[in-house]
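K.L.:
To start, I am sharing the structure in question, which I have written as structure tokens.
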Amino acid sequence: MNAPLIDPFARRIDYLRVSVTDRCDFRCTYCMAEHMTFLPKKELLTLEELDRLCSAFVRMGVRKLRITGGEPLVRKGIMTFFEGMSRHLGGLLDELTLTTNGSQLERFAQPLADAGVRRINVSLDTLDPEKFRAITRWGSLDKVRRGIAAAQAAGLRIKINTVALKGFNEAELFDLLAWCAAEEMDLTFIEVMPMGDMGEVQRLDQYWPLKDLRARLAERYTLTELSHRTGGPARYVRIEETGQQIGFITPLTHNFCESCNRVRVTCTGELYMCLGQEDMADLRAPLRMSEADAPLEDAIRRAIARKPKGHDFDYSRQAVEGQVTRHMSHTGG
Ligand code: SAM
Ligand code: SF4
């Protein structure tokens, strides 16, 4: 293995999230505008380039690889990529995983398990089919639930990610909790982030602070703060009455930046050292410049050397400050 990736704040970078497509079969209102213009195919890294890029990071100390998008499972030939990456498992790579909207899981759950995937995140914001269709603009809850069932049958451990949306899923808080408990799935709530232009949808209208959600939980249950952290923006509590662990992702606070161990690569090969900053490094040019990986590795090291200390999101004023212009589907959530 090459020397590990250590940033200027002595944080070891061992977690990489890679977006493999900007496309998606849903149009969640907080994530995408209804009419999105997607990138031409030639802009995207090919599956071979994605393999080279991820393998370079693995050689440089990345131990956990999360594939995301857009919707990763709509990328043509994506299983070839997963099957390729599985060669690193049990060696330099500890975990290969993905974040998905679940729409294609019925088809892909077993092949993913066969490729060594053990845990997946499935994003789901409501258990009401009509509301599901509205928030995703045309998704089918039934299809996603069949996908979840297929994943469970394939032995995949599931974590549900739910974006907390004011006036949308507030009333479903306890139903979502009960459903996850019954299905033996973990549950994490995400605070909505100011990313990309949403067209007519107003970001501040959707914002339901997780401290309010948590207070709502505490009215009914005894919550115990858990100390374990993943290096990411999630904090965890245990609900004593049910034994469930609930995660809270509050990217708008600075409480996680100091332990940040991750970087992100977009589907066009842009390396973002921080989700909330505009600075990035182009890895596609060095990938395409040479069949050897030296230029790529050099570009990665130079980028990590300027990973910033933290982000600048701030909802505290009436306007959304620190907003970044790219969509979550571009950087990969
Ligand atoms: N399509 C896949 C999915 O939905 O799981 C993977 C990509 S999606 C961009 C990753 C995660 O980002 C999802 O859990 C989604 O809910 C979340 N997300 C998207 N836009 C967001 C926003 N503006 N604020 C907070 N979370 C967001
Ligand atoms: Fe697609 Fe995921 Fe964005 Fe929803 S959150 S539009 S499923 S990329």
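FYI, nothing fancy with the structure tokens labels: chains A, B, ... in order, residues from 1 per chain, ligands from 1 as they appear.
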Write out as number ranges by chain all residues of segment 3-165 of chain A that DSSP puts in alpha helix (DSSP H) for this structure's backbone.

P.N.:
A: 47-59, 78-85, 105-114, 129-136, 141-153

K.L.:
Would you pick out the contacts of Leu283 of chain A at 10 Å or less, using only C-alpha atoms, so that residues sharing its chain but fewer than 3 positions from it are not included, and give the list as a list in words?

P.N.:
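The residues satisfying every condition are Leu45, Leu53, Val265, Thr266, Thr268, Gly269, Glu270, Leu271, Met280, Pro286, Leu287, Arg288, Met289, Pro295, Leu296, Glu297, Asp298, Ala299, Ile300 and Ala303 of chain A.
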
K.L.:
Leaving out Thr99 of chain A and any residue of its chain fewer than 6 positions from it, which residues lie within 6 Å of it when counting only C-alpha atoms, given as a ChimeraX atom specification?

P.N.:
/A:68,121-122

K.L.:
Counting only C-alpha atoms and all ligand atoms, what residues are within 8 Å of ligand 2, given as a PyMOL selection string?

P.N.:
chain A and resi 22-32+69-71+100-101+123+136+328-329+332-333

K.L.:
Put those residues in a file: N, CA and C atoms, as a PDB file, in the first residue's frame.

P.N.:
ATOM      1  N   ASP A  22     -25.295  10.923 -12.523  1.00  0.00           N
ATOM      2  CA  ASP A  22     -26.110  12.042 -12.025  1.00  0.00           C
ATOM      3  C   ASP A  22     -27.586  11.780 -12.315  1.00  0.00           C
ATOM      4  N   ARG A  23     -27.865  10.682 -13.001  1.00  0.00           N
ATOM      5  CA  ARG A  23     -29.252  10.386 -13.386  1.00  0.00           C
ATOM      6  C   ARG A  23     -30.000   9.672 -12.274  1.00  0.00           C
ATOM      7  N   CYS A  24     -31.307   9.749 -12.354  1.00  0.00           N
ATOM      8  CA  CYS A  24     -32.124   9.083 -11.349  1.00  0.00           C
ATOM      9  C   CYS A  24     -33.489   8.811 -11.934  1.00  0.00           C
ATOM     10  N   ASP A  25     -34.128   7.763 -11.432  1.00  0.00           N
ATOM     11  CA  ASP A  25     -35.487   7.460 -11.879  1.00  0.00           C
ATOM     12  C   ASP A  25     -36.522   8.158 -10.997  1.00  0.00           C
ATOM     13  N   PHE A  26     -36.098   8.893  -9.964  1.00  0.00           N
ATOM     14  CA  PHE A  26     -36.987   9.732  -9.160  1.00  0.00           C
ATOM     15  C   PHE A  26     -36.579  11.195  -9.351  1.00  0.00           C
ATOM     16  N   ARG A  27     -37.408  12.082  -8.837  1.00  0.00           N
ATOM     17  CA  ARG A  27     -37.082  13.522  -8.827  1.00  0.00           C
ATOM     18  C   ARG A  27     -37.469  14.096  -7.470  1.00  0.00           C
ATOM     19  N   CYS A  28     -36.879  13.583  -6.397  1.00  0.00           N
ATOM     20  CA  CYS A  28     -37.265  14.058  -5.063  1.00  0.00           C
ATOM     21  C   CYS A  28     -37.208  15.581  -5.020  1.00  0.00           C
ATOM     22  N   THR A  29     -38.239  16.174  -4.439  1.00  0.00           N
ATOM     23  CA  THR A  29     -38.389  17.629  -4.557  1.00  0.00           C
ATOM     24  C   THR A  29     -37.256  18.399  -3.879  1.00  0.00           C
ATOM     25  N   TYR A  30     -36.652  17.801  -2.821  1.00  0.00           N
ATOM     26  CA  TYR A  30     -35.571  18.502  -2.121  1.00  0.00           C
ATOM     27  C   TYR A  30     -34.227  18.258  -2.803  1.00  0.00           C
ATOM     28  N   CYS A  31     -34.203  17.378  -3.793  1.00  0.00           N
ATOM     29  CA  CYS A  31     -32.935  16.976  -4.402  1.00  0.00           C
ATOM     30  C   CYS A  31     -32.800  17.482  -5.830  1.00  0.00           C
ATOM     31  N   MET A  32     -33.867  17.402  -6.594  1.00  0.00           N
ATOM     32  CA  MET A  32     -33.782  17.737  -8.018  1.00  0.00           C
ATOM     33  C   MET A  32     -34.943  18.622  -8.433  1.00  0.00           C
ATOM     34  N   GLY A  69     -25.202   8.342  -6.016  1.00  0.00           N
ATOM     35  CA  GLY A  69     -25.509   9.003  -7.275  1.00  0.00           C
ATOM     36  C   GLY A  69     -26.175  10.340  -6.999  1.00  0.00           C
ATOM     37  N   GLY A  70     -27.062  10.708  -7.848  1.00  0.00           N
ATOM     38  CA  GLY A  70     -28.061  10.040  -8.654  1.00  0.00           C
ATOM     39  C   GLY A  70     -28.424   8.668  -8.080  1.00  0.00           C
ATOM     40  N   GLU A  71     -29.059   7.896  -8.888  1.00  0.00           N
ATOM     41  CA  GLU A  71     -29.399   6.552  -8.424  1.00  0.00           C
ATOM     42  C   GLU A  71     -28.375   5.570  -9.000  1.00  0.00           C
ATOM     43  N   THR A 100     -29.125   3.929  -2.010  1.00  0.00           N
ATOM     44  CA  THR A 100     -30.033   3.749  -3.141  1.00  0.00           C
ATOM     45  C   THR A 100     -31.441   4.194  -2.775  1.00  0.00           C
ATOM     46  N   ASN A 101     -32.215   4.543  -3.795  1.00  0.00           N
ATOM     47  CA  ASN A 101     -33.622   4.838  -3.520  1.00  0.00           C
ATOM     48  C   ASN A 101     -34.457   3.556  -3.494  1.00  0.00           C
ATOM     49  N   SER A 123     -33.054   5.148   0.923  1.00  0.00           N
ATOM     50  CA  SER A 123     -33.677   6.417   1.264  1.00  0.00           C
ATOM     51  C   SER A 123     -35.180   6.307   1.100  1.00  0.00           C
ATOM     52  N   THR A 136     -41.295  12.092  -4.481  1.00  0.00           N
ATOM     53  CA  THR A 136     -40.342  11.605  -5.479  1.00  0.00           C
ATOM     54  C   THR A 136     -40.748  12.045  -6.888  1.00  0.00           C
ATOM     55  N   MET A 328     -27.225  17.711  -4.729  1.00  0.00           N
ATOM     56  CA  MET A 328     -26.752  16.537  -3.998  1.00  0.00           C
ATOM     57  C   MET A 328     -26.514  15.371  -4.954  1.00  0.00           C
ATOM     58  N   SER A 329     -27.349  15.260  -5.975  1.00  0.00           N
ATOM     59  CA  SER A 329     -27.195  14.150  -6.906  1.00  0.00           C
ATOM     60  C   SER A 329     -25.904  14.284  -7.705  1.00  0.00           C
ATOM     61  N   GLY A 332     -23.190  13.499  -4.816  1.00  0.00           N
ATOM     62  CA  GLY A 332     -23.439  12.178  -4.267  1.00  0.00           C
ATOM     63  C   GLY A 332     -23.675  12.289  -2.780  1.00  0.00           C
ATOM     64  N   GLY A 333     -24.921  12.033  -2.361  1.00  0.00           N
ATOM     65  CA  GLY A 333     -25.269  12.229  -0.948  1.00  0.00           C
ATOM     66  C   GLY A 333     -24.730  11.132  -0.080  1.00  0.00           C
TER      67      GLY A 333
END

K.L.:
Which one of A:Ser103, A:Thr242, A:Ser140, A:Thr37 sits closest to ligand 1 if you count only C-alpha atoms and all ligand atoms?

P.N.:
A:Ser103

K.L.:
Return as a list in words the full set of residues in segment 135-183 of chain A whose backbone-based DSSP assignment is strand (DSSP E).

P.N.:
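Answer for segment 135-183 of chain A, restricted to strand (DSSP E): Arg157, Ile158, Lys159, Ile160, Asn161, Thr162, Val163 and Ala164 of chain A.
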
K.L.:
Counting only C-alpha atoms and all ligand atoms, which of A:Glu184, A:Pro251, A:Lys42, A:Ala134 gets nearest to ligand 1?

P.N.:
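Closest to ligand 1, using only C-alpha atoms and all ligand atoms: A:Pro251.
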